[in-house]
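Asker: Input structure: upload.cif, which contains mmCIF, C-alpha atoms (C1' of nucleotides).
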data_data
loop_
_atom_site.label_atom_id
_atom_site.label_comp_id
_atom_site.auth_asym_id
_atom_site.auth_seq_id
_atom_site.Cartn_x
_atom_site.Cartn_y
_atom_site.Cartn_z
CA MET S 1 -23.30 -21.97 -35.14
CA THR S 2 -20.22 -23.59 -33.70
CA SER S 3 -20.60 -22.17 -30.27
CA SER S 4 -20.44 -25.46 -28.41
CA PRO S 5 -16.93 -26.53 -29.49
CA ALA S 6 -15.71 -23.01 -28.84
CA SER S 7 -17.07 -23.03 -25.32
CA ASP S 8 -15.70 -26.53 -24.83
CA LYS S 9 -12.15 -25.38 -25.50
CA ARG S 10 -12.64 -22.41 -23.27
CA GLN S 11 -14.01 -24.46 -20.44
CA HIS S 12 -11.29 -27.06 -20.88
CA VAL S 13 -8.65 -24.38 -20.48
CA VAL S 14 -10.36 -23.12 -17.34
CA GLU S 15 -10.46 -26.56 -15.76
CA THR S 16 -6.89 -27.40 -16.71
CA ALA S 17 -5.67 -24.09 -15.34
CA TYR S 18 -7.59 -24.76 -12.15
CA GLY S 19 -5.74 -28.02 -11.58
CA LEU S 20 -2.37 -26.39 -12.15
CA PHE S 21 -3.05 -23.27 -10.10
CA LYS S 22 -4.24 -25.45 -7.25
CA ARG S 23 -1.09 -27.55 -7.22
CA ALA S 24 1.61 -25.01 -8.01
CA GLY S 25 0.17 -21.56 -7.38
CA PHE S 26 -0.59 -18.73 -9.78
CA HIS S 27 2.71 -17.04 -10.49
CA ALA S 28 4.53 -20.35 -10.56
CA THR S 29 2.22 -21.70 -13.24
CA GLY S 30 3.12 -20.40 -16.69
CA ILE S 31 0.87 -19.98 -19.70
CA ASP S 32 3.00 -22.47 -21.62
CA ARG S 33 2.36 -25.08 -18.96
CA ILE S 34 -1.37 -24.51 -19.09
CA ILE S 35 -1.69 -24.77 -22.86
CA ALA S 36 0.57 -27.83 -22.94
CA GLU S 37 -1.51 -29.61 -20.30
CA ALA S 38 -4.77 -28.55 -21.95
CA ASP S 39 -3.35 -29.51 -25.36
CA VAL S 40 -4.47 -26.23 -26.86
CA ALA S 41 -2.75 -23.60 -28.96
CA LYS S 42 -1.59 -20.47 -27.20
CA MET S 43 -3.68 -18.31 -29.47
CA THR S 44 -6.77 -20.29 -28.58
CA MET S 45 -6.25 -19.34 -24.98
CA TYR S 46 -5.52 -15.70 -25.69
CA ARG S 47 -8.57 -15.47 -27.92
CA HIS S 48 -10.77 -16.47 -25.00
CA PHE S 49 -8.94 -14.58 -22.26
CA PRO S 50 -7.24 -11.24 -22.81
CA SER S 51 -4.62 -11.97 -20.18
CA LYS S 52 -3.51 -14.48 -17.60
CA ASP S 53 -5.05 -12.38 -14.85
CA GLU S 54 -8.46 -12.60 -16.47
CA LEU S 55 -8.06 -16.35 -16.83
CA ILE S 56 -7.36 -16.51 -13.11
CA VAL S 57 -10.49 -14.50 -12.36
CA GLU S 58 -12.49 -16.84 -14.57
CA VAL S 59 -11.08 -19.90 -12.80
CA LEU S 60 -11.98 -18.43 -9.41
CA ASP S 61 -15.48 -17.44 -10.47
CA TYR S 62 -16.00 -20.86 -11.97
CA ARG S 63 -15.03 -22.58 -8.73
CA ALA S 64 -17.13 -20.16 -6.70
CA ARG S 65 -20.22 -20.98 -8.78
CA ARG S 66 -19.57 -24.71 -8.40
CA PHE S 67 -19.14 -24.37 -4.65
CA ALA S 68 -22.33 -22.32 -4.28
CA ARG S 69 -24.29 -24.87 -6.27
CA GLN S 70 -23.13 -27.70 -4.03
CA LEU S 71 -24.07 -25.82 -0.88
CA ASP S 72 -27.47 -25.02 -2.39
CA ARG S 73 -28.13 -28.71 -2.81
CA LEU S 74 -26.95 -29.56 0.70
CA ALA S 75 -29.16 -26.89 2.25
CA GLU S 76 -32.22 -28.48 0.68
CA GLU S 77 -31.61 -31.77 2.43
CA VAL S 78 -32.23 -30.51 5.96
CA ALA S 79 -34.52 -28.13 7.79
CA THR S 80 -32.99 -26.29 10.71
CA PRO S 81 -30.23 -23.66 10.58
CA GLY S 82 -28.04 -25.79 12.83
CA GLN S 83 -28.34 -28.71 10.44
CA LYS S 84 -27.59 -26.56 7.42
CA ILE S 85 -24.45 -25.17 9.02
CA ALA S 86 -23.43 -28.66 10.06
CA LYS S 87 -23.79 -29.73 6.42
CA ILE S 88 -21.38 -27.00 5.40
CA PHE S 89 -18.79 -28.23 7.87
CA ASP S 90 -19.34 -31.81 6.73
CA TRP S 91 -18.76 -30.72 3.16
CA HIS S 92 -15.41 -29.30 4.25
CA GLN S 93 -14.55 -32.50 6.03
CA ARG S 94 -15.05 -34.46 2.82
CA TRP S 95 -13.06 -31.84 0.90
CA PHE S 96 -10.13 -32.06 3.30
CA ARG S 97 -10.08 -35.81 2.88
CA SER S 98 -10.09 -35.74 -0.91
CA PRO S 99 -6.91 -37.09 -2.47
CA ASP S 100 -5.60 -33.90 -3.99
CA PHE S 101 -6.64 -31.33 -1.44
CA HIS S 102 -4.24 -28.41 -1.59
CA GLY S 103 -5.87 -25.76 0.56
CA CYS S 104 -8.21 -22.99 -0.44
CA LEU S 105 -7.58 -21.59 -3.91
CA PHE S 106 -9.16 -18.29 -2.92
CA ALA S 107 -6.96 -17.87 0.13
CA HIS S 108 -3.98 -18.67 -2.06
CA ALA S 109 -5.07 -16.09 -4.60
CA LEU S 110 -5.29 -13.53 -1.84
CA ALA S 111 -1.71 -14.34 -0.90
CA GLU S 112 -0.44 -13.71 -4.42
CA PHE S 113 -2.67 -10.75 -5.32
CA GLY S 114 -2.77 -8.53 -2.26
CA ASP S 115 -3.80 -5.34 -4.01
CA PRO S 116 -7.46 -4.66 -3.14
CA GLU S 117 -7.93 -3.03 -6.54
CA HIS S 118 -6.78 -6.09 -8.45
CA PRO S 119 -9.58 -8.07 -10.14
CA VAL S 120 -8.29 -11.29 -8.58
CA PHE S 121 -8.50 -9.80 -5.11
CA LYS S 122 -12.05 -8.71 -5.81
CA ALA S 123 -12.99 -12.19 -7.02
CA VAL S 124 -11.73 -13.63 -3.73
CA ALA S 125 -13.67 -11.06 -1.72
CA ARG S 126 -16.83 -11.93 -3.66
CA GLN S 127 -16.51 -15.61 -2.81
CA LYS S 128 -15.70 -15.17 0.87
CA ASN S 129 -18.37 -12.54 1.43
CA GLY S 130 -20.82 -14.76 -0.42
CA LEU S 131 -20.16 -17.65 1.93
CA LYS S 132 -20.47 -15.41 4.94
CA LYS S 133 -23.73 -13.94 3.68
CA ARG S 134 -25.08 -17.42 2.96
CA MET S 135 -24.45 -18.49 6.54
CA GLN S 136 -25.81 -15.23 7.87
CA LEU S 137 -29.11 -15.73 6.04
CA ILE S 138 -29.34 -19.26 7.40
CA LEU S 139 -28.76 -18.02 10.94
CA GLU S 140 -31.22 -15.15 10.73
CA GLU S 141 -33.96 -17.72 10.95
CA GLU S 142 -33.30 -18.15 14.62
CA MET S 143 -31.44 -15.08 15.81
CA PRO S 144 -31.51 -11.32 15.24
CA ARG S 145 -29.76 -9.96 12.17
CA GLY S 146 -26.88 -8.32 13.99
CA ARG S 147 -26.19 -11.44 15.99
CA ALA S 148 -26.44 -13.58 12.86
CA GLU S 149 -23.84 -11.43 11.14
CA SER S 150 -21.38 -11.78 14.00
CA VAL S 151 -21.91 -15.53 14.28
CA ALA S 152 -21.56 -15.93 10.51
CA ALA S 153 -18.24 -14.08 10.68
CA VAL S 154 -17.03 -16.41 13.41
CA LEU S 155 -18.12 -19.47 11.44
CA LEU S 156 -16.27 -18.16 8.39
CA MET S 157 -13.14 -17.65 10.46
CA LEU S 158 -13.41 -21.19 11.80
CA ILE S 159 -13.77 -22.55 8.28
CA GLU S 160 -10.83 -20.57 6.94
CA GLY S 161 -8.67 -21.53 9.88
CA ALA S 162 -9.65 -25.15 9.60
CA THR S 163 -8.75 -25.12 5.90
CA LEU S 164 -5.33 -23.74 6.72
CA LEU S 165 -4.74 -26.32 9.43
CA ALA S 166 -5.98 -29.02 7.09
CA GLN S 167 -3.33 -28.02 4.58
CA MET S 168 -0.78 -28.50 7.35
CA GLY S 169 -1.86 -32.08 7.91
CA GLN S 170 -4.31 -31.59 10.75
CA ALA S 171 -7.46 -32.01 8.71
CA ASP S 172 -9.34 -34.42 10.95
CA THR S 173 -8.92 -32.76 14.32
CA ALA S 174 -9.27 -29.29 12.83
CA ILE S 175 -12.62 -29.79 11.17
CA ARG S 176 -13.96 -31.76 14.13
CA ASP S 177 -13.01 -29.06 16.65
CA ALA S 178 -14.22 -26.31 14.34
CA ARG S 179 -17.58 -28.00 13.78
CA LYS S 180 -18.13 -28.51 17.48
CA ALA S 181 -17.20 -24.92 18.29
CA ALA S 182 -19.51 -23.68 15.54
CA LEU S 183 -22.52 -25.63 16.79
CA ASP S 184 -21.84 -24.56 20.38
CA ILE S 185 -21.79 -20.92 19.34
CA ILE S 186 -25.01 -21.27 17.40
CA ALA S 187 -26.70 -23.01 20.32
CA ALA S 188 -25.62 -20.23 22.68
CA SER S 189 -26.88 -17.54 20.31
CA ARG S 190 -30.21 -19.15 19.52
CA ARG S 191 -33.26 -17.04 20.15
CA PRO S 192 -35.45 -18.77 22.69
CA ARG S 193 -38.74 -19.90 21.14
CA MET L 1 37.12 -9.47 13.72
CA THR L 2 34.74 -7.82 11.29
CA SER L 3 31.83 -10.06 12.07
CA SER L 4 29.45 -7.28 13.01
CA PRO L 5 29.38 -5.52 9.62
CA ALA L 6 29.03 -8.91 7.97
CA SER L 7 26.02 -9.75 10.08
CA ASP L 8 24.64 -6.28 9.52
CA LYS L 9 24.54 -6.77 5.77
CA ARG L 10 22.96 -10.16 6.19
CA GLN L 11 20.30 -8.88 8.53
CA HIS L 12 19.65 -5.90 6.31
CA VAL L 13 18.98 -8.21 3.38
CA VAL L 14 16.60 -10.26 5.51
CA GLU L 15 14.62 -7.24 6.58
CA THR L 16 14.48 -5.74 3.12
CA ALA L 17 13.36 -9.04 1.66
CA TYR L 18 10.71 -9.25 4.35
CA GLY L 19 9.21 -5.93 3.31
CA LEU L 20 9.12 -6.94 -0.34
CA PHE L 21 7.78 -10.45 0.21
CA LYS L 22 5.08 -9.03 2.42
CA ARG L 23 3.93 -6.55 -0.19
CA ALA L 24 4.33 -8.48 -3.43
CA GLY L 25 4.61 -12.15 -2.56
CA PHE L 26 7.50 -14.56 -2.92
CA HIS L 27 7.57 -15.61 -6.54
CA ALA L 28 6.67 -12.13 -7.70
CA THR L 29 9.65 -10.63 -5.85
CA GLY L 30 12.90 -11.10 -7.75
CA ILE L 31 16.40 -11.25 -6.38
CA ASP L 32 17.34 -8.18 -8.38
CA ARG L 33 14.58 -6.22 -6.69
CA ILE L 34 15.75 -7.30 -3.25
CA ILE L 35 19.40 -6.38 -3.75
CA ALA L 36 18.44 -3.08 -5.37
CA GLU L 37 16.19 -2.15 -2.45
CA ALA L 38 18.77 -3.34 0.08
CA ASP L 39 21.52 -1.54 -1.86
CA VAL L 40 23.74 -4.60 -1.73
CA ALA L 41 25.71 -6.51 -4.35
CA LYS L 42 24.19 -9.73 -5.62
CA MET L 43 27.22 -11.70 -4.51
CA THR L 44 26.85 -10.38 -0.99
CA MET L 45 23.40 -11.91 -0.86
CA TYR L 46 24.44 -15.20 -2.39
CA ARG L 47 27.40 -15.44 0.01
CA HIS L 48 25.01 -15.34 2.95
CA PHE L 49 22.20 -17.42 1.44
CA PRO L 50 22.79 -20.32 -0.92
CA SER L 51 19.50 -19.73 -2.70
CA LYS L 52 16.36 -17.63 -2.72
CA ASP L 53 14.44 -20.41 -1.00
CA GLU L 54 16.84 -20.36 1.94
CA LEU L 55 16.52 -16.61 2.15
CA ILE L 56 12.75 -17.06 2.36
CA VAL L 57 13.15 -19.59 5.16
CA GLU L 58 15.44 -17.19 7.00
CA VAL L 59 12.93 -14.35 6.62
CA LEU L 60 10.15 -16.55 8.00
CA ASP L 61 12.22 -17.81 10.93
CA TYR L 62 13.28 -14.26 11.70
CA ARG L 63 9.69 -13.07 11.83
CA ALA L 64 8.67 -16.11 13.88
CA ARG L 65 11.35 -15.34 16.49
CA ARG L 66 10.25 -11.71 16.64
CA PHE L 67 6.61 -12.68 17.04
CA ALA L 68 7.39 -15.20 19.79
CA ARG L 69 9.44 -12.61 21.68
CA GLN L 70 6.58 -10.13 21.62
CA LEU L 71 4.10 -12.69 22.90
CA ASP L 72 6.55 -13.65 25.64
CA ARG L 73 6.57 -10.08 26.86
CA LEU L 74 2.80 -9.75 26.72
CA ALA L 75 2.29 -12.95 28.70
CA GLU L 76 4.38 -11.55 31.55
CA GLU L 77 2.06 -8.60 31.99
CA VAL L 78 -0.95 -10.57 33.17
CA ALA L 79 -1.74 -13.57 35.35
CA THR L 80 -4.66 -15.70 34.23
CA PRO L 81 -4.88 -17.82 31.07
CA GLY L 82 -7.90 -15.87 29.90
CA GLN L 83 -5.99 -12.62 30.17
CA LYS L 84 -2.99 -14.04 28.35
CA ILE L 85 -5.13 -15.24 25.45
CA ALA L 86 -6.90 -11.89 25.38
CA LYS L 87 -3.49 -10.23 25.08
CA ILE L 88 -2.75 -12.34 22.02
CA PHE L 89 -5.97 -11.24 20.36
CA ASP L 90 -5.25 -7.63 21.29
CA TRP L 91 -1.84 -7.93 19.71
CA HIS L 92 -3.54 -9.04 16.49
CA GLN L 93 -5.95 -6.14 16.67
CA ARG L 94 -3.02 -3.71 16.76
CA TRP L 95 -1.34 -5.61 13.94
CA PHE L 96 -4.43 -5.43 11.73
CA ARG L 97 -4.59 -1.69 12.28
CA SER L 98 -0.95 -1.05 11.40
CA PRO L 99 -0.49 1.00 8.24
CA ASP L 100 1.08 -1.64 6.04
CA PHE L 101 -0.70 -4.75 7.16
CA HIS L 102 -0.77 -7.22 4.29
CA GLY L 103 -2.01 -10.43 5.86
CA CYS L 104 -0.04 -13.28 7.36
CA LEU L 105 3.30 -13.89 5.66
CA PHE L 106 3.24 -17.51 6.79
CA ALA L 107 -0.18 -18.17 5.33
CA HIS L 108 1.02 -16.55 2.11
CA ALA L 109 4.10 -18.74 2.09
CA LEU L 110 1.89 -21.79 2.47
CA ALA L 111 -0.06 -20.67 -0.59
CA GLU L 112 3.06 -20.44 -2.73
CA PHE L 113 4.92 -23.46 -1.36
CA GLY L 114 2.37 -26.21 -0.96
CA ASP L 115 4.78 -29.12 -0.97
CA PRO L 116 5.01 -30.48 2.60
CA GLU L 117 8.61 -31.48 1.95
CA HIS L 118 9.68 -27.99 0.99
CA PRO L 119 11.74 -26.13 3.63
CA VAL L 120 9.44 -23.12 3.34
CA PHE L 121 6.40 -25.26 4.08
CA LYS L 122 8.16 -26.67 7.11
CA ALA L 123 9.05 -23.20 8.37
CA VAL L 124 5.39 -22.26 8.20
CA ALA L 125 4.35 -25.40 10.05
CA ARG L 126 6.89 -24.62 12.77
CA GLN L 127 5.45 -21.17 13.34
CA LYS L 128 1.80 -22.18 13.34
CA ASN L 129 2.36 -25.22 15.53
CA GLY L 130 4.44 -23.06 17.84
CA LEU L 131 1.61 -20.59 18.30
CA LYS L 132 -0.87 -23.39 18.87
CA LYS L 133 1.41 -25.03 21.42
CA ARG L 134 1.94 -21.71 23.19
CA MET L 135 -1.79 -21.26 23.62
CA GLN L 136 -2.23 -24.88 24.64
CA LEU L 137 0.31 -24.51 27.45
CA ILE L 138 -1.45 -21.37 28.65
CA LEU L 139 -4.79 -23.16 28.68
CA GLU L 140 -3.54 -26.27 30.46
CA GLU L 141 -3.40 -24.19 33.61
CA GLU L 142 -7.14 -24.35 33.90
CA MET L 143 -8.31 -27.30 31.84
CA PRO L 144 -7.22 -30.85 31.09
CA ARG L 145 -4.56 -31.35 28.46
CA GLY L 146 -6.82 -32.90 25.81
CA ARG L 147 -9.34 -30.14 26.18
CA ALA L 148 -6.59 -27.52 26.10
CA GLU L 149 -5.32 -28.91 22.83
CA SER L 150 -8.75 -28.74 21.20
CA VAL L 151 -9.41 -25.23 22.48
CA ALA L 152 -5.97 -24.10 21.33
CA ALA L 153 -6.73 -25.44 17.86
CA VAL L 154 -9.99 -23.51 17.78
CA LEU L 155 -8.26 -20.34 18.92
CA LEU L 156 -5.66 -20.76 16.20
CA MET L 157 -8.38 -21.20 13.59
CA LEU L 158 -10.10 -18.05 14.83
CA ILE L 159 -6.85 -16.13 14.60
CA GLU L 160 -6.04 -17.38 11.12
CA GLY L 161 -9.56 -16.70 9.92
CA ALA L 162 -9.56 -13.25 11.48
CA THR L 163 -6.27 -12.47 9.75
CA LEU L 164 -7.73 -13.45 6.41
CA LEU L 165 -10.86 -11.38 6.97
CA ALA L 166 -8.69 -8.50 8.11
CA GLN L 167 -6.85 -8.60 4.80
CA MET L 168 -10.22 -8.29 3.10
CA GLY L 169 -10.98 -5.08 4.93
CA GLN L 170 -12.99 -6.42 7.84
CA ALA L 171 -10.28 -6.09 10.45
CA ASP L 172 -12.25 -4.44 13.22
CA THR L 173 -15.35 -6.60 13.29
CA ALA L 174 -13.35 -9.77 12.63
CA ILE L 175 -10.95 -9.44 15.53
CA ARG L 176 -13.71 -8.28 17.87
CA ASP L 177 -15.96 -11.23 17.05
CA ALA L 178 -13.05 -13.65 17.16
CA ARG L 179 -11.88 -12.39 20.53
CA LYS L 180 -15.34 -12.65 22.03
CA ALA L 181 -15.82 -16.17 20.65
CA ALA L 182 -12.43 -17.19 22.00
CA LEU L 183 -13.11 -15.97 25.52
CA ASP L 184 -16.56 -17.58 25.52
CA ILE L 185 -15.05 -20.91 24.54
CA ILE L 186 -12.40 -20.68 27.24
CA ALA L 187 -15.01 -19.78 29.85
CA ALA L 188 -17.13 -22.75 28.84
CA SER L 189 -14.15 -25.12 28.99
CA ARG L 190 -12.77 -23.87 32.28
CA ARG L 191 -12.25 -26.49 34.92
CA PRO L 192 -14.34 -25.59 37.97
CA ARG L 193 -12.13 -24.65 40.90
"C1'" DA E 1 54.05 -4.19 5.05
"C1'" DA E 2 51.61 -8.21 3.71
"C1'" DG E 3 47.71 -10.77 3.85
"C1'" DT E 4 42.78 -11.82 4.64
"C1'" DG E 5 37.84 -11.47 4.31
"C1'" DG E 6 33.85 -8.96 3.17
"C1'" DT E 7 32.13 -6.20 -0.42
"C1'" DG E 8 30.83 -3.78 -4.94
"C1'" DA E 9 29.95 -3.63 -9.91
"C1'" DA E 10 28.74 -5.71 -13.80
"C1'" DA E 11 28.82 -9.01 -17.31
"C1'" DC E 12 27.18 -13.46 -18.33
"C1'" DA E 13 24.62 -18.00 -18.92
"C1'" DG E 14 20.64 -20.43 -19.64
"C1'" DG E 15 16.15 -20.53 -18.85
"C1'" DT E 16 11.28 -18.85 -18.41
"C1'" DC E 17 7.81 -15.39 -18.48
"C1'" DT E 18 3.67 -12.99 -20.96
"C1'" DG E 19 1.87 -11.68 -25.02
"C1'" DT E 20 1.97 -10.98 -30.38
"C1'" DC E 21 2.22 -12.29 -34.98
"C1'" DT E 22 1.92 -15.09 -39.13
"C1'" DC E 23 0.35 -18.70 -41.86
"C1'" DA E 24 -2.01 -22.99 -42.66
"C1'" DT E 25 -6.12 -25.84 -41.83
"C1'" DA E 26 -10.60 -27.55 -40.76
"C1'" DT E 27 -15.50 -26.93 -40.34
"C1'" DC E 28 -19.71 -24.96 -40.74
"C1'" DT E 29 -23.00 -21.55 -42.96
"C1'" DA E 30 -25.11 -18.89 -46.56
"C1'" DT R 1 -18.84 -22.13 -54.09
"C1'" DA R 2 -17.54 -18.40 -51.19
"C1'" DG R 3 -16.89 -16.72 -46.77
"C1'" DA R 4 -16.74 -16.68 -41.79
"C1'" DT R 5 -15.03 -18.74 -37.58
"C1'" DA R 6 -12.23 -21.46 -34.57
"C1'" DT R 7 -8.11 -23.60 -34.18
"C1'" DG R 8 -3.19 -25.39 -34.55
"C1'" DA R 9 1.77 -24.78 -34.78
"C1'" DG R 10 5.40 -22.24 -33.96
"C1'" DA R 11 8.45 -18.32 -34.42
"C1'" DC R 12 9.24 -14.10 -32.20
"C1'" DA R 13 9.88 -9.99 -29.02
"C1'" DG R 14 11.30 -8.11 -24.93
"C1'" DA R 15 11.52 -8.56 -20.40
"C1'" DC R 16 12.58 -10.99 -16.28
"C1'" DC R 17 14.24 -15.01 -13.63
"C1'" DT R 18 18.05 -17.44 -10.63
"C1'" DG R 19 22.57 -18.16 -10.02
"C1'" DT R 20 27.81 -17.80 -11.48
"C1'" DT R 21 31.94 -15.59 -12.62
"C1'" DT R 22 35.51 -12.12 -12.69
"C1'" DC R 23 38.02 -8.34 -11.06
"C1'" DA R 24 38.86 -4.46 -8.17
"C1'" DC R 25 38.54 -2.24 -3.70
"C1'" DC R 26 38.75 -1.34 1.12
"C1'" DA R 27 39.28 -2.11 6.01
"C1'" DC R 28 41.26 -4.47 9.40
"C1'" DT R 29 44.64 -7.75 11.55
"C1'" DT R 30 49.05 -9.67 12.21
#
Rewrite the structure from the file as structure tokens, please.
Answerer:
Amino acid sequence: MTSSPASDKRQHVVETAYGLFKRAGFHATGIDRIIAEADVAKMTMYRHFPSKDELIVEVLDYRARRFARQLDRLAEEVATPGQKIAKIFDWHQRWFRSPDFHGCLFAHALAEFGDPEHPVFKAVARQKNGLKKRMQLILEEEMPRGRAESVAAVLLMLIEGATLLAQMGQADTAIRDARKAALDIIAASRRPR
Amino acid sequence: MTSSPASDKRQHVVETAYGLFKRAGFHATGIDRIIAEADVAKMTMYRHFPSKDELIVEVLDYRARRFARQLDRLAEEVATPGQKIAKIFDWHQRWFRSPDFHGCLFAHALAEFGDPEHPVFKAVARQKNGLKKRMQLILEEEMPRGRAESVAAVLLMLIEGATLLAQMGQADTAIRDARKAALDIIAASRRPR
DNA sequence: AAGTGGTGAAACAGGTCTGTCTCATATCTA
DNA sequence: TAGATATGAGACAGACCTGTTTCACCACTT
């Protein structure tokens, strides 16, 4: 079985496309550009992905899995909900500082694929709702479910807003203010023990 | 002087382009589509705007002026900073509920034009920084300048995040939670009188 | 009456887009 | 050895993209 080299090509296309989509956007990045950068024949790409849209979905899902895995690891390092949430904000701080930060790929996808029925839109919704749910579950440890859901929504909004401000060159102050606001909100919502 | 009909055509192109950009995005909307929808000759468009990019900038600036005017009016209706900020959130609630809400055009522009040197990027930064500054000036009435700037940044993040969640079908809960969080933060930062 | 400026219609150029098709090649399995 | 599978290279189709050019028209001003 030659399944490893096959998957390698496939994965290589996904990662190359990710880099291009991130820098130039989805519509502005052509198939020809992707296969040239990945050094792969066009048919190789179309054999793995039936269309560009499905490649985009694959890129998004791939990044979503990676992101979830990283947050899983971070959550294991600390104990309290407040610390776990703080870790998530710290992760974003490091992300904003990384050399080729270009904003949130999922938010960008939402901008270019606004139809709620489009597979790309649904992939974005999956990722964002997943992050919200993750934070909600963390918070439920020390507040009622309904309250945890509202707080998780606010934290998600802070993160999304901070990411947008970071893309506009205000990364440091944005994530610092967002983190502080987040922890204040959690402290105020905490169930007394 | 026939300057009025000239301006009429120009403005009509801007408004038509706005509707299309909002629904389909910038790169996905072609010039041909715009002039067809606006029922205008291609040369008429290119006489008013040297390029598509400059048309995009004009559309963004036009919407930014409109938005600022509406907030100006709302601010006159009430007295305290808290009320003025609440009015801004209420405005967003109405926006999210409007029949053809498609998310924030400026955020979408940022997704498609990520180069900080690009005129479109700069137009987005102008609008977002303008909104932040507006809220900061409101807040300075009852808190120190540094604090007002941080709170304004947090409010902006809440608004941007709420807009993104609204586009994903969570308009009502998002704006409600964001508004409550915003007013709590302002109350906690208020300078004692 | 002559001129001026905005406009319309449509062809055109040169490029890019997604996706298909064909044919040759390399590698691994049975 | 024969066959299956993945790939490479590139031509190709048909549509769409931005922006330019040309010519005619119409309304208004002087």
Asker: For chain E, report every residue with an atom at most 10 Å from chain S (counting all atoms listed in the file), formatted as a list in words.
Answerer: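 Those within range of chain S come out as DT16, DC17, DT18, DG19, DT20, DT27, DC28 and DT29 of chain E.
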Asker: Take the residues just selected and output them with C-alpha atoms (C1' of nucleotides) as an mmCIF file, in the coordinates of the input.
Answerer:
data_model
loop_
_atom_site.group_PDB
_atom_site.id
_atom_site.type_symbol
_atom_site.label_atom_id
_atom_site.label_comp_id
_atom_site.auth_asym_id
_atom_site.auth_seq_id
_atom_site.Cartn_x
_atom_site.Cartn_y
_atom_site.Cartn_z
ATOM 1 C "C1'" DT E 16 11.280 -18.850 -18.410
ATOM 2 C "C1'" DC E 17 7.810 -15.390 -18.480
ATOM 3 C "C1'" DT E 18 3.670 -12.990 -20.960
ATOM 4 C "C1'" DG E 19 1.870 -11.680 -25.020
ATOM 5 C "C1'" DT E 20 1.970 -10.980 -30.380
ATOM 6 C "C1'" DT E 27 -15.500 -26.930 -40.340
ATOM 7 C "C1'" DC E 28 -19.710 -24.960 -40.740
ATOM 8 C "C1'" DT E 29 -23.000 -21.550 -42.960
#
Asker: Give as an NGL selection string each residue that has an atom at most 12 Å from (-11.6, -8.3, 7.8) in the file, counting only C-alpha atoms (C1' of nucleotides).
Answerer: (:S and (125 or 128-129 or 132 or 153-154 or 156-157)) or (:L and (92-93 or 96-97 or 101-103 or 159-178))
Asker: If the PyMOL selection byres ((chain R) within 8 of (chain S)) were run on this exact file, what residues would it hold? Put them as a PyMOL selection string.
Answerer: chain R and resi 6-9
Asker: The PyMOL selection byres ((chain L and resi 22) around 9) on the file shown: which residues, as a PyMOL selection string?
Answerer: chain L and resi 17-21+23-26+101-105+108
Asker: Which is closer to chain S than all the others in L:Glu54, L:Glu37, L:Glu112, L:Asp90, using all atoms listed in the file?
Answerer: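 Looking at the shortest contact to chain S, the residue is L:Glu112.
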Asker: Taking only C-alpha atoms into account, name the residue in S:Gly114, S:Gly146, S:Gly130, S:Pro119 that is nearest to chain L.
Answerer: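 Closest to chain L of all the choices is S:Gly114.
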Asker: Assuming the chain letters and numbering stay as they are in my file, what does the PyMOL selection byres ((chain S and resi 61) around 12) actually select? List them as an NGL selection string.
Answerer: :S and (14-15 or 18 or 54-60 or 62-68 or 105-106 or 119-128 or 130)
Asker: Next, dump the selected residues to file, keeping only C-alpha atoms, as an mmCIF file, keeping the file's coordinate frame.
Answerer:
data_model
loop_
_atom_site.group_PDB
_atom_site.id
_atom_site.type_symbol
_atom_site.label_atom_id
_atom_site.label_comp_id
_atom_site.auth_asym_id
_atom_site.auth_seq_id
_atom_site.Cartn_x
_atom_site.Cartn_y
_atom_site.Cartn_z
ATOM 1 C CA VAL S 14 -10.360 -23.120 -17.340
ATOM 2 C CA GLU S 15 -10.460 -26.560 -15.760
ATOM 3 C CA TYR S 18 -7.590 -24.760 -12.150
ATOM 4 C CA GLU S 54 -8.460 -12.600 -16.470
ATOM 5 C CA LEU S 55 -8.060 -16.350 -16.830
ATOM 6 C CA ILE S 56 -7.360 -16.510 -13.110
ATOM 7 C CA VAL S 57 -10.490 -14.500 -12.360
ATOM 8 C CA GLU S 58 -12.490 -16.840 -14.570
ATOM 9 C CA VAL S 59 -11.080 -19.900 -12.800
ATOM 10 C CA LEU S 60 -11.980 -18.430 -9.410
ATOM 11 C CA TYR S 62 -16.000 -20.860 -11.970
ATOM 12 C CA ARG S 63 -15.030 -22.580 -8.730
ATOM 13 C CA ALA S 64 -17.130 -20.160 -6.700
ATOM 14 C CA ARG S 65 -20.220 -20.980 -8.780
ATOM 15 C CA ARG S 66 -19.570 -24.710 -8.400
ATOM 16 C CA PHE S 67 -19.140 -24.370 -4.650
ATOM 17 C CA ALA S 68 -22.330 -22.320 -4.280
ATOM 18 C CA LEU S 105 -7.580 -21.590 -3.910
ATOM 19 C CA PHE S 106 -9.160 -18.290 -2.920
ATOM 20 C CA PRO S 119 -9.580 -8.070 -10.140
ATOM 21 C CA VAL S 120 -8.290 -11.290 -8.580
ATOM 22 C CA PHE S 121 -8.500 -9.800 -5.110
ATOM 23 C CA LYS S 122 -12.050 -8.710 -5.810
ATOM 24 C CA ALA S 123 -12.990 -12.190 -7.020
ATOM 25 C CA VAL S 124 -11.730 -13.630 -3.730
ATOM 26 C CA ALA S 125 -13.670 -11.060 -1.720
ATOM 27 C CA ARG S 126 -16.830 -11.930 -3.660
ATOM 28 C CA GLN S 127 -16.510 -15.610 -2.810
ATOM 29 C CA LYS S 128 -15.700 -15.170 0.870
ATOM 30 C CA GLY S 130 -20.820 -14.760 -0.420
#
